[in-house]
file start-v2.cif (mmCIF, C-alpha atoms)
data_start
loop_
_atom_site.group_PDB
_atom_site.id
_atom_site.type_symbol
_atom_site.label_atom_id
_atom_site.label_comp_id
_atom_site.auth_asym_id
_atom_site.auth_seq_id
_atom_site.Cartn_x
_atom_site.Cartn_y
_atom_site.Cartn_z
ATOM 1 C CA MET A 25 0.000 0.000 0.000
ATOM 2 C CA THR A 26 2.855 2.371 0.830
ATOM 3 C CA ASP A 27 4.369 2.175 -2.647
ATOM 4 C CA TRP A 28 0.977 2.619 -4.254
ATOM 5 C CA LEU A 29 0.304 5.693 -2.103
ATOM 6 C CA LEU A 30 3.701 7.261 -2.778
ATOM 7 C CA ALA A 31 3.306 6.659 -6.523
ATOM 8 C CA LEU A 32 0.178 8.845 -6.449
ATOM 9 C CA ILE A 33 2.116 11.864 -5.149
ATOM 10 C CA PRO A 34 3.606 13.128 -8.440
ATOM 11 C CA GLY A 35 0.134 13.144 -10.024
ATOM 12 C CA TYR A 36 -2.140 14.107 -7.136
ATOM 13 C CA GLY A 37 0.454 15.514 -4.727
ATOM 14 C CA VAL A 38 -1.460 17.871 -2.474
ATOM 15 C CA TRP A 39 -4.524 15.618 -2.188
ATOM 16 C CA VAL A 40 -2.509 12.560 -1.241
ATOM 17 C CA ILE A 41 -0.530 14.470 1.389
ATOM 18 C CA PHE A 42 -3.664 16.153 2.773
ATOM 19 C CA THR A 43 -5.557 12.854 3.043
ATOM 20 C CA ALA A 44 -2.602 11.002 4.561
ATOM 21 C CA THR A 45 -2.020 13.478 7.397
ATOM 22 C CA LEU A 46 -5.761 13.832 8.028
ATOM 23 C CA LEU A 47 -6.324 10.076 8.384
ATOM 24 C CA SER A 48 -3.195 9.511 10.460
ATOM 25 C CA CYS A 49 -4.428 12.071 13.024
ATOM 26 C CA LEU A 50 -7.421 9.740 13.542
ATOM 27 C CA ALA A 51 -5.166 6.793 14.457
ATOM 28 C CA LEU A 52 -5.645 5.133 11.052
ATOM 29 C CA PRO A 53 -2.569 3.252 9.815
ATOM 30 C CA VAL A 54 -1.510 5.572 6.997
ATOM 31 C CA PRO A 55 2.239 6.091 6.463
ATOM 32 C CA SER A 56 1.931 9.863 6.791
ATOM 33 C CA SER A 57 5.561 10.440 7.827
ATOM 34 C CA LEU A 58 6.801 8.677 4.715
ATOM 35 C CA VAL A 59 4.285 10.559 2.549
ATOM 36 C CA MET A 60 5.531 13.882 3.942
ATOM 37 C CA LEU A 61 9.184 12.890 3.513
ATOM 38 C CA ALA A 62 8.497 11.811 -0.073
ATOM 39 C CA GLY A 63 6.508 15.018 -0.647
ATOM 40 C CA GLY A 64 9.560 17.018 0.443
ATOM 41 C CA GLY A 65 11.726 14.842 -1.780
ATOM 42 C CA PHE A 66 9.479 15.370 -4.798
ATOM 43 C CA ALA A 67 9.500 19.106 -4.073
ATOM 44 C CA ALA A 68 13.305 19.093 -4.113
ATOM 45 C CA GLY A 69 13.272 17.239 -7.433
ATOM 46 C CA GLY A 70 10.789 19.678 -8.951
ATOM 47 C CA ASP A 71 7.766 17.352 -9.217
ATOM 48 C CA LEU A 72 5.827 19.358 -6.595
ATOM 49 C CA ALA A 73 5.803 22.880 -5.134
ATOM 50 C CA LEU A 74 7.310 22.923 -1.631
ATOM 51 C CA GLY A 75 4.833 25.484 -0.263
ATOM 52 C CA GLN A 76 1.881 23.449 -1.487
ATOM 53 C CA ALA A 77 3.239 20.250 0.047
ATOM 54 C CA VAL A 78 3.684 21.945 3.441
ATOM 55 C CA ALA A 79 0.280 23.649 3.296
ATOM 56 C CA ALA A 80 -1.555 20.457 2.306
ATOM 57 C CA ALA A 81 0.090 18.458 5.096
ATOM 58 C CA TRP A 82 -0.654 21.133 7.679
ATOM 59 C CA VAL A 83 -4.296 21.644 6.696
ATOM 60 C CA GLY A 84 -4.824 17.860 6.661
ATOM 61 C CA ALA A 85 -3.228 17.424 10.078
ATOM 62 C CA VAL A 86 -5.158 20.269 11.714
ATOM 63 C CA GLY A 87 -8.390 18.998 10.135
ATOM 64 C CA GLY A 88 -7.714 15.468 11.392
ATOM 65 C CA ASP A 89 -7.043 16.806 14.900
ATOM 66 C CA GLN A 90 -10.346 18.679 14.882
ATOM 67 C CA LEU A 91 -12.218 15.543 13.811
ATOM 68 C CA GLY A 92 -10.530 13.474 16.524
ATOM 69 C CA TYR A 93 -11.304 16.129 19.129
ATOM 70 C CA ALA A 94 -14.964 16.268 18.038
ATOM 71 C CA ILE A 95 -15.254 12.463 18.195
ATOM 72 C CA GLY A 96 -13.718 12.493 21.691
ATOM 73 C CA ARG A 97 -16.030 15.248 22.795
ATOM 74 C CA ARG A 98 -19.179 13.514 21.526
ATOM 75 C CA GLY A 99 -18.370 10.014 22.674
ATOM 76 C CA GLY A 100 -15.938 10.715 25.462
ATOM 77 C CA SER A 101 -17.568 13.220 27.779
ATOM 78 C CA ALA A 102 -20.570 10.952 28.312
ATOM 79 C CA ALA A 103 -18.236 8.034 29.067
ATOM 80 C CA VAL A 104 -16.232 10.159 31.522
ATOM 81 C CA GLU A 105 -19.399 11.228 33.337
ATOM 82 C CA ARG A 106 -20.567 7.645 33.593
ATOM 83 C CA LEU A 107 -17.182 6.623 35.019
ATOM 84 C CA ALA A 108 -17.221 9.436 37.573
ATOM 85 C CA ARG A 109 -20.664 8.470 38.851
ATOM 86 C CA HIS A 110 -19.233 5.535 40.802
ATOM 87 C CA GLY A 111 -18.080 6.852 44.173
ATOM 88 C CA SER A 112 -14.782 4.981 44.250
ATOM 89 C CA ARG A 113 -13.718 6.085 40.803
ATOM 90 C CA ARG A 114 -14.852 9.650 41.206
ATOM 91 C CA GLU A 115 -11.599 10.819 42.816
ATOM 92 C CA MET A 116 -9.455 9.163 40.174
ATOM 93 C CA VAL A 117 -11.459 10.647 37.305
ATOM 94 C CA GLU A 118 -11.306 14.103 38.910
ATOM 95 C CA ARG A 119 -7.543 13.804 39.254
ATOM 96 C CA ALA A 120 -7.176 12.709 35.618
ATOM 97 C CA LEU A 121 -9.277 15.657 34.421
ATOM 98 C CA ASP A 122 -7.235 18.008 36.589
ATOM 99 C CA PHE A 123 -4.100 16.633 34.997
ATOM 100 C CA VAL A 124 -5.452 17.212 31.481
ATOM 101 C CA ARG A 125 -6.510 20.767 32.358
ATOM 102 C CA ARG A 126 -3.092 21.583 33.802
ATOM 103 C CA TRP A 127 -0.843 19.844 31.260
ATOM 104 C CA GLY A 128 -3.232 19.573 28.300
ATOM 105 C CA GLY A 129 -1.693 22.378 26.247
ATOM 106 C CA ALA A 130 1.845 21.043 26.524
ATOM 107 C CA GLY A 131 0.608 17.497 25.981
ATOM 108 C CA VAL A 132 -1.188 18.464 22.793
ATOM 109 C CA PHE A 133 1.805 20.446 21.507
ATOM 110 C CA PHE A 134 4.441 17.764 22.094
ATOM 111 C CA SER A 135 2.246 14.867 20.986
ATOM 112 C CA ARG A 136 2.027 16.542 17.567
ATOM 113 C CA TRP A 137 5.684 16.099 16.710
ATOM 114 C CA LEU A 138 8.040 14.900 19.472
ATOM 115 C CA VAL A 139 6.019 11.826 20.493
ATOM 116 C CA SER A 140 3.767 11.850 17.441
ATOM 117 C CA PRO A 141 2.592 8.196 17.644
ATOM 118 C CA LEU A 142 0.566 9.283 20.710
ATOM 119 C CA GLY A 143 -1.062 12.232 18.888
ATOM 120 C CA PRO A 144 -4.359 10.664 17.752
ATOM 121 C CA TYR A 145 -5.123 9.293 21.228
ATOM 122 C CA VAL A 146 -4.404 12.673 22.800
ATOM 123 C CA ASN A 147 -7.026 14.139 20.401
ATOM 124 C CA PHE A 148 -9.707 11.722 21.612
ATOM 125 C CA VAL A 149 -8.755 12.187 25.268
ATOM 126 C CA ALA A 150 -8.597 15.997 24.992
ATOM 127 C CA GLY A 151 -12.087 16.059 23.500
ATOM 128 C CA GLY A 152 -13.443 13.635 26.093
ATOM 129 C CA ALA A 153 -11.819 15.373 29.059
ATOM 130 C CA GLY A 154 -13.179 18.728 27.934
ATOM 131 C CA LEU A 155 -9.909 20.535 27.220
ATOM 132 C CA GLY A 156 -11.014 23.920 25.863
ATOM 133 C CA TRP A 157 -11.352 24.087 22.079
ATOM 134 C CA THR A 158 -9.355 27.310 21.698
ATOM 135 C CA ARG A 159 -6.439 25.916 23.675
ATOM 136 C CA PHE A 160 -6.571 22.593 21.893
ATOM 137 C CA THR A 161 -6.631 24.296 18.495
ATOM 138 C CA PHE A 162 -3.863 26.774 19.326
ATOM 139 C CA TYR A 163 -1.417 24.184 20.692
ATOM 140 C CA GLY A 164 -2.492 21.613 18.122
ATOM 141 C CA ALA A 165 -2.034 23.863 15.105
ATOM 142 C CA SER A 166 1.355 25.093 16.396
ATOM 143 C CA GLY A 167 2.520 21.540 17.054
ATOM 144 C CA GLU A 168 1.363 20.373 13.628
ATOM 145 C CA ALA A 169 3.319 23.223 12.037
ATOM 146 C CA VAL A 170 6.461 21.849 13.707
ATOM 147 C CA TRP A 171 5.632 18.250 12.665
ATOM 148 C CA VAL A 172 4.875 19.143 9.057
ATOM 149 C CA GLY A 173 7.796 21.544 8.732
ATOM 150 C CA LEU A 174 10.151 18.957 10.199
ATOM 151 C CA TYR A 175 9.130 16.029 7.989
ATOM 152 C CA VAL A 176 8.627 17.857 4.698
ATOM 153 C CA GLY A 177 11.806 19.847 5.393
ATOM 154 C CA ILE A 178 13.853 16.738 6.155
ATOM 155 C CA GLY A 179 12.440 15.088 3.007
ATOM 156 C CA TYR A 180 13.473 18.162 1.012
ATOM 157 C CA ALA A 181 16.968 18.257 2.498
ATOM 158 C CA PHE A 182 17.647 14.502 2.299
ATOM 159 C CA SER A 183 15.669 13.698 -0.834
ATOM 160 C CA SER A 184 18.325 11.319 -2.137
ATOM 161 C CA GLN A 185 18.127 9.326 1.124
ATOM 162 C CA ILE A 186 14.364 9.043 1.739
ATOM 163 C CA GLY A 187 14.507 5.337 2.550
ATOM 164 C CA ALA A 188 17.278 5.808 5.088
ATOM 165 C CA VAL A 189 15.679 8.838 6.727
ATOM 166 C CA ALA A 190 12.266 7.129 6.930
ATOM 167 C CA ASP A 191 13.779 4.048 8.605
ATOM 168 C CA ILE A 192 15.627 6.102 11.208
ATOM 169 C CA LEU A 193 12.874 8.652 11.922
ATOM 170 C CA GLY A 194 10.151 5.997 12.126
ATOM 171 C CA ASN A 195 12.031 4.091 14.801
ATOM 172 C CA LEU A 196 13.190 7.219 16.607
ATOM 173 C CA SER A 197 9.621 8.476 17.002
ATOM 174 C CA GLY A 198 8.524 5.030 18.202
ATOM 175 C CA PHE A 199 11.358 5.126 20.734
ATOM 176 C CA LEU A 200 10.424 8.590 22.026
ATOM 177 C CA ALA A 201 6.723 7.693 22.318
ATOM 178 C CA ALA A 202 7.473 4.450 24.179
ATOM 179 C CA LEU A 203 9.893 6.321 26.451
ATOM 180 C CA ALA A 204 7.221 8.899 27.304
ATOM 181 C CA VAL A 205 4.691 6.164 28.104
ATOM 182 C CA THR A 206 7.252 4.326 30.279
ATOM 183 C CA PHE A 207 8.091 7.555 32.098
ATOM 184 C CA VAL A 208 4.448 8.334 32.902
ATOM 185 C CA ALA A 209 3.784 4.700 33.945
ATOM 186 C CA GLY A 210 6.886 4.891 36.164
ATOM 187 C CA ILE A 211 5.634 7.997 37.962
ATOM 188 C CA TRP A 212 2.219 6.387 38.374
ATOM 189 C CA LEU A 213 3.849 3.261 39.807
ATOM 190 C CA MET A 214 5.952 5.299 42.267
ATOM 191 C CA LYS A 215 2.927 7.234 43.487
ATOM 192 C CA ALA A 216 0.934 4.020 43.905
ATOM 193 C CA ASP A 217 3.814 2.565 45.918
ATOM 194 C CA GLN A 218 3.986 5.560 48.280
ATOM 195 C CA ARG A 219 0.308 5.363 49.127
ATOM 196 C CA MET B 18 9.699 -5.372 45.693
ATOM 197 C CA ILE B 19 8.398 -6.456 42.303
ATOM 198 C CA GLY B 20 5.624 -8.407 43.979
ATOM 199 C CA ARG B 21 4.680 -5.353 46.041
ATOM 200 C CA LEU B 22 4.572 -3.026 43.007
ATOM 201 C CA TRP B 23 2.479 -5.580 41.155
ATOM 202 C CA ARG B 24 0.011 -5.818 44.056
ATOM 203 C CA ARG B 25 -0.230 -2.050 44.558
ATOM 204 C CA SER B 26 -1.099 -1.227 40.958
ATOM 205 C CA PRO B 27 -1.104 -4.036 38.411
ATOM 206 C CA VAL B 28 -2.147 -1.736 35.537
ATOM 207 C CA ALA B 29 0.720 0.714 36.123
ATOM 208 C CA PHE B 30 3.122 -2.203 36.536
ATOM 209 C CA VAL B 31 2.139 -3.818 33.242
ATOM 210 C CA ALA B 32 2.207 -0.437 31.438
ATOM 211 C CA PHE B 33 5.686 0.258 32.820
ATOM 212 C CA VAL B 34 7.167 -3.128 31.895
ATOM 213 C CA LEU B 35 5.551 -3.133 28.453
ATOM 214 C CA GLY B 36 6.690 0.458 27.862
ATOM 215 C CA LEU B 37 10.225 -0.481 28.856
ATOM 216 C CA VAL B 38 10.327 -3.448 26.481
ATOM 217 C CA ILE B 39 8.988 -1.378 23.565
ATOM 218 C CA THR B 40 11.418 1.467 24.359
ATOM 219 C CA VAL B 41 14.381 -0.917 24.232
ATOM 220 C CA PHE B 42 13.031 -2.475 21.020
ATOM 221 C CA PHE B 43 12.849 0.888 19.239
ATOM 222 C CA ALA B 44 16.199 2.023 20.691
ATOM 223 C CA VAL B 45 17.885 -1.042 19.189
ATOM 224 C CA ARG B 46 16.145 -0.571 15.833
ATOM 225 C CA THR B 47 17.019 3.129 15.697
ATOM 226 C CA ALA B 48 20.665 2.314 16.424
ATOM 227 C CA THR B 49 20.742 -0.548 13.897
ATOM 228 C CA PHE B 50 19.294 1.539 11.078
ATOM 229 C CA THR B 51 21.555 4.479 11.883
ATOM 230 C CA ILE B 52 24.625 2.244 11.708
ATOM 231 C CA TYR B 53 23.382 0.532 8.546
ATOM 232 C CA TRP B 54 22.690 3.766 6.696
ATOM 233 C CA SER B 55 25.906 5.424 7.891
ATOM 234 C CA ASP B 56 27.779 3.005 5.641
ATOM 235 C CA PRO B 57 28.260 4.833 2.321
ATOM 236 C CA ALA B 58 27.962 1.507 0.454
ATOM 237 C CA HIS B 59 24.271 1.383 1.374
ATOM 238 C CA ARG B 60 23.540 4.893 0.271
ATOM 239 C CA ASP B 61 23.082 4.566 -3.488
ATOM 240 C CA GLN B 62 19.313 4.776 -3.317
ATOM 241 C CA THR B 63 17.558 1.787 -4.849
ATOM 242 C CA ILE B 64 14.799 2.536 -7.336
ATOM 243 C CA GLU B 65 11.422 2.326 -5.609
ATOM 244 C CA PRO B 66 8.226 1.872 -7.658
ATOM 245 C CA TRP B 67 6.956 5.335 -6.662
ATOM 246 C CA MET B 68 10.017 7.262 -7.841
ATOM 247 C CA THR B 69 9.608 9.370 -10.966
ATOM 248 C CA ALA B 70 12.255 9.808 -13.673
ATOM 249 C CA GLN B 71 12.620 13.394 -12.453
ATOM 250 C CA TYR B 72 13.089 12.222 -8.867
ATOM 251 C CA VAL B 73 15.678 9.588 -9.784
ATOM 252 C CA ALA B 74 17.594 12.148 -11.837
ATOM 253 C CA TYR B 75 17.612 14.504 -8.872
ATOM 254 C CA SER B 76 18.642 11.894 -6.337
ATOM 255 C CA TYR B 77 21.489 10.583 -8.521
ATOM 256 C CA HIS B 78 22.597 14.140 -9.361
ATOM 257 C CA LEU B 79 22.011 13.593 -13.079
ATOM 258 C CA PRO B 80 20.292 15.727 -15.712
ATOM 259 C CA VAL B 81 16.881 14.191 -16.341
ATOM 260 C CA GLU B 82 17.858 13.622 -20.013
ATOM 261 C CA GLU B 83 20.468 11.085 -18.856
ATOM 262 C CA VAL B 84 17.824 9.105 -16.959
ATOM 263 C CA ARG B 85 15.456 9.300 -19.919
ATOM 264 C CA ARG B 86 18.190 7.979 -22.193
ATOM 265 C CA ALA B 87 19.129 5.188 -19.738
ATOM 266 C CA TRP B 88 15.508 4.065 -19.604
ATOM 267 C CA GLN B 89 14.923 4.717 -23.331
ATOM 268 C CA LEU B 90 11.863 6.877 -22.686
ATOM 269 C CA PRO B 91 10.009 8.085 -25.796
ATOM 270 C CA HIS B 92 9.279 11.831 -26.069
ATOM 271 C CA ASP B 93 5.617 11.481 -25.136
ATOM 272 C CA VAL B 94 6.422 9.961 -21.729
ATOM 273 C CA PRO B 95 6.598 12.784 -19.139
ATOM 274 C CA ASN B 96 9.296 13.156 -16.477
ATOM 275 C CA ARG B 97 6.823 12.494 -13.703
ATOM 276 C CA THR B 98 6.084 8.952 -14.870
ATOM 277 C CA THR B 99 6.810 6.510 -12.029
ATOM 278 C CA ALA B 100 9.430 3.772 -12.193
ATOM 279 C CA ALA B 101 6.695 1.139 -11.751
ATOM 280 C CA LYS B 102 4.947 2.282 -14.940
ATOM 281 C CA ILE B 103 8.192 2.505 -16.892
ATOM 282 C CA ALA B 104 9.237 -0.966 -15.750
ATOM 283 C CA ALA B 105 5.860 -2.401 -16.775
ATOM 284 C CA ARG B 106 6.000 -0.675 -20.135
ATOM 285 C CA ARG B 107 9.522 -1.852 -20.914
ATOM 286 C CA GLY B 108 9.130 -5.291 -19.361
ATOM 287 C CA TRP B 109 12.131 -4.600 -17.116
ATOM 288 C CA THR B 110 12.513 -5.132 -13.385
ATOM 289 C CA LEU B 111 13.161 -2.245 -10.978
ATOM 290 C CA ASP B 112 16.658 -3.654 -10.409
ATOM 291 C CA GLU B 113 17.271 -3.380 -14.136
ATOM 292 C CA LEU B 114 16.144 0.256 -14.093
ATOM 293 C CA GLY B 115 18.523 0.765 -11.171
ATOM 294 C CA SER B 116 21.553 -0.782 -12.851
ATOM 295 C CA ARG B 117 20.865 1.239 -16.004
ATOM 296 C CA VAL B 118 20.767 4.469 -13.999
ATOM 297 C CA ARG B 119 23.939 3.572 -12.103
ATOM 298 C CA ALA B 120 25.718 2.805 -15.381
ATOM 299 C CA ALA B 121 24.518 6.103 -16.845
ATOM 300 C CA ALA B 122 25.627 7.926 -13.677
ATOM 301 C CA ALA B 123 29.086 6.328 -13.780
ATOM 302 C CA GLU B 124 29.486 7.312 -17.430
ATOM 303 C CA PHE B 125 28.170 10.813 -16.829
ATOM 304 C CA ARG B 126 30.567 11.396 -13.942
ATOM 305 C CA VAL B 127 33.534 10.399 -16.131
ATOM 306 C CA THR B 128 32.611 12.736 -18.988
ATOM 307 C CA ASN B 129 31.444 15.578 -16.647
ATOM 308 C CA PRO B 130 33.788 15.525 -13.661
#
call {"tool": "encode", "arguments": {"input": "start-v2.cif", "output": "structure tokens"}}
result
Amino acid sequence: MTDWLLALIPGYGVWVIFTATLLSCLALPVPSSLVMLAGGGFAAGGDLALGQAVAAAWVGAVGGDQLGYAIGRRGGSAAVERLARHGSRREMVERALDFVRRWGGAGVFFSRWLVSPLGPYVNFVAGGAGLGWTRFTFYGASGEAVWVGLYVGIGYAFSSQIGAVADILGNLSGFLAALAVTFVAGIWLMKADQR
Amino acid sequence: MIGRLWRRSPVAFVAFVLGLVITVFFAVRTATFTIYWSDPAHRDQTIEPWMTAQYVAYSYHLPVEEVRRAWQLPHDVPNRTTAAKIAARRGWTLDELGSRVRAAAAEFRVTNP
């Protein structure tokens, strides 16, 4: 599927890039990083305009985030309320919501690009936990600008090494995301142990 | 201690251990790929089905005419035709397209140092 998708870029460049980033922000398995790298590479080779590639990726990503947030808000807030109704869980849910309200902005920003595999889930959670739309959109759109700029830019700069760059970046972002999850689970474990 | 952590919060414990395993997995893969691709011998980019003639020319630092000649493209075939289509049309494999480009590149670099 990856090869088929990448082969569509020279003909339908902006639409492929737009769709790929949009779907990947909804946790669908689309190789959006590779599409953006290849988009940058095609731009360097003259098959595509660089500005258009960046704009398409950014609009797709921001649109995908909004969809994910809306889905979380519709489905999630009811689920959160139901969870909080049980007396024993109430405290835990309150604490989790507090956490999202305090760290939500930073979480949204960094899950766009630094630990991007976590991004789609943060969208659903942010919507469900009721993180304000303006804040979500501001931090989300800024983070996506970094993500898109980084990947299309790296594709542009290393266009003769797309395969190599994609292999390294793909694993590096998996590493950073797993590290972040381990770190949070570690803190959780320590707090549970102190109680 | 492990037994105590497990009893206190099994979910956090499982998340932590699983996270640790996946972190190590990706750390090893990142390192392996970095070492692999640092070797200049692996850098001559292989022809992927999605690459266009224009793209291959760019990535091999060749004028696109050289790639067109290596692949014997007729005038009506545009530069943004993908390698997959060219291979199908010519009845060649992608490896064949690759060796033709590398031969053209070697020749070009001799005549245009």
call {"tool": "interface_residues", "arguments": {"input": "start-v2.cif", "of": "chain A", "to": "chain B", "cutoff": "9 Å", "atoms": "only C-alpha atoms", "output": "PyMOL selection string"}}
result
chain A and resi 27-35+65-66+68-71+183-189+191-214+216-217+219
call {"tool": "closest_residue", "arguments": {"input": "start-v2.cif", "among": "A:Arg106, A:Val172, A:Glu115, A:Gly154", "to": "A:Leu138", "atoms": "all atoms listed in the file"}}
result
A:Val172
call {"tool": "resolve_selection", "arguments": {"input": "start-v2.cif", "expression": "the PyMOL selection byres ((chain A and resi 169) around 12)", "output": "PyMOL selection string"}}
result
chain A and resi 78-86+133-134+136-137+161-168+170-177
call {"tool": "resolve_selection", "arguments": {"input": "start-v2.cif", "expression": "the PyMOL selection byres ((chain B and resi 122-129) around 10)", "output": "PDB file with C-alpha atoms, in the coordinates of the input"}}
result
ATOM      1  CA  ALA B  74      17.594  12.148 -11.837  1.00  0.00           C
ATOM      2  CA  TYR B  77      21.489  10.583  -8.521  1.00  0.00           C
ATOM      3  CA  HIS B  78      22.597  14.140  -9.361  1.00  0.00           C
ATOM      4  CA  LEU B  79      22.011  13.593 -13.079  1.00  0.00           C
ATOM      5  CA  PRO B  80      20.292  15.727 -15.712  1.00  0.00           C
ATOM      6  CA  GLU B  83      20.468  11.085 -18.856  1.00  0.00           C
ATOM      7  CA  VAL B  84      17.824   9.105 -16.959  1.00  0.00           C
ATOM      8  CA  ALA B  87      19.129   5.188 -19.738  1.00  0.00           C
ATOM      9  CA  SER B 116      21.553  -0.782 -12.851  1.00  0.00           C
ATOM     10  CA  ARG B 117      20.865   1.239 -16.004  1.00  0.00           C
ATOM     11  CA  VAL B 118      20.767   4.469 -13.999  1.00  0.00           C
ATOM     12  CA  ARG B 119      23.939   3.572 -12.103  1.00  0.00           C
ATOM     13  CA  ALA B 120      25.718   2.805 -15.381  1.00  0.00           C
ATOM     14  CA  ALA B 121      24.518   6.103 -16.845  1.00  0.00           C
ATOM     15  CA  PRO B 130      33.788  15.525 -13.661  1.00  0.00           C
TER      16      PRO B 130
END
call {"tool": "residues_near_point", "arguments": {"input": "start-v2.cif", "point": "(-6.7, 11.3, 38.6)", "cutoff": "12 Å", "atoms": "all atoms listed in the file", "output": "PDB file with C-alpha atoms, in the coordinates of the input"}}
result
ATOM      1  CA  VAL A 104     -16.232  10.159  31.522  1.00  0.00           C
ATOM      2  CA  ALA A 108     -17.221   9.436  37.573  1.00  0.00           C
ATOM      3  CA  SER A 112     -14.782   4.981  44.250  1.00  0.00           C
ATOM      4  CA  ARG A 113     -13.718   6.085  40.803  1.00  0.00           C
ATOM      5  CA  ARG A 114     -14.852   9.650  41.206  1.00  0.00           C
ATOM      6  CA  GLU A 115     -11.599  10.819  42.816  1.00  0.00           C
ATOM      7  CA  MET A 116      -9.455   9.163  40.174  1.00  0.00           C
ATOM      8  CA  VAL A 117     -11.459  10.647  37.305  1.00  0.00           C
ATOM      9  CA  GLU A 118     -11.306  14.103  38.910  1.00  0.00           C
ATOM     10  CA  ARG A 119      -7.543  13.804  39.254  1.00  0.00           C
ATOM     11  CA  ALA A 120      -7.176  12.709  35.618  1.00  0.00           C
ATOM     12  CA  LEU A 121      -9.277  15.657  34.421  1.00  0.00           C
ATOM     13  CA  ASP A 122      -7.235  18.008  36.589  1.00  0.00           C
ATOM     14  CA  PHE A 123      -4.100  16.633  34.997  1.00  0.00           C
ATOM     15  CA  VAL A 124      -5.452  17.212  31.481  1.00  0.00           C
ATOM     16  CA  ARG A 125      -6.510  20.767  32.358  1.00  0.00           C
ATOM     17  CA  ARG A 126      -3.092  21.583  33.802  1.00  0.00           C
ATOM     18  CA  ALA A 153     -11.819  15.373  29.059  1.00  0.00           C
ATOM     19  CA  TRP A 212       2.219   6.387  38.374  1.00  0.00           C
ATOM     20  CA  LYS A 215       2.927   7.234  43.487  1.00  0.00           C
ATOM     21  CA  ALA A 216       0.934   4.020  43.905  1.00  0.00           C
TER      22      ALA A 216
END
call {"tool": "closest_residue", "arguments": {"input": "start-v2.cif", "among": "A:Gly151, A:Gly88, A:Gly99, A:Gly75", "to": "A:Thr43", "atoms": "only C-alpha atoms"}}
result
A:Gly88
call {"tool": "atom_distance", "arguments": {"input": "start-v2.cif", "atom1": "atom CA of B:Trp109", "atom2": "atom CA of B:Trp88"}}
result
9.6 Å
call {"tool": "atom_distance", "arguments": {"input": "start-v2.cif", "atom1": "atom CA of B:Arg107", "atom2": "atom CA of B:Pro91"}}
result
11.1 Å
call {"tool": "atom_distance", "arguments": {"input": "start-v2.cif", "atom1": "atom CA of A:Trp127", "atom2": "atom CA of A:Tyr145"}}
result
15.2 Å
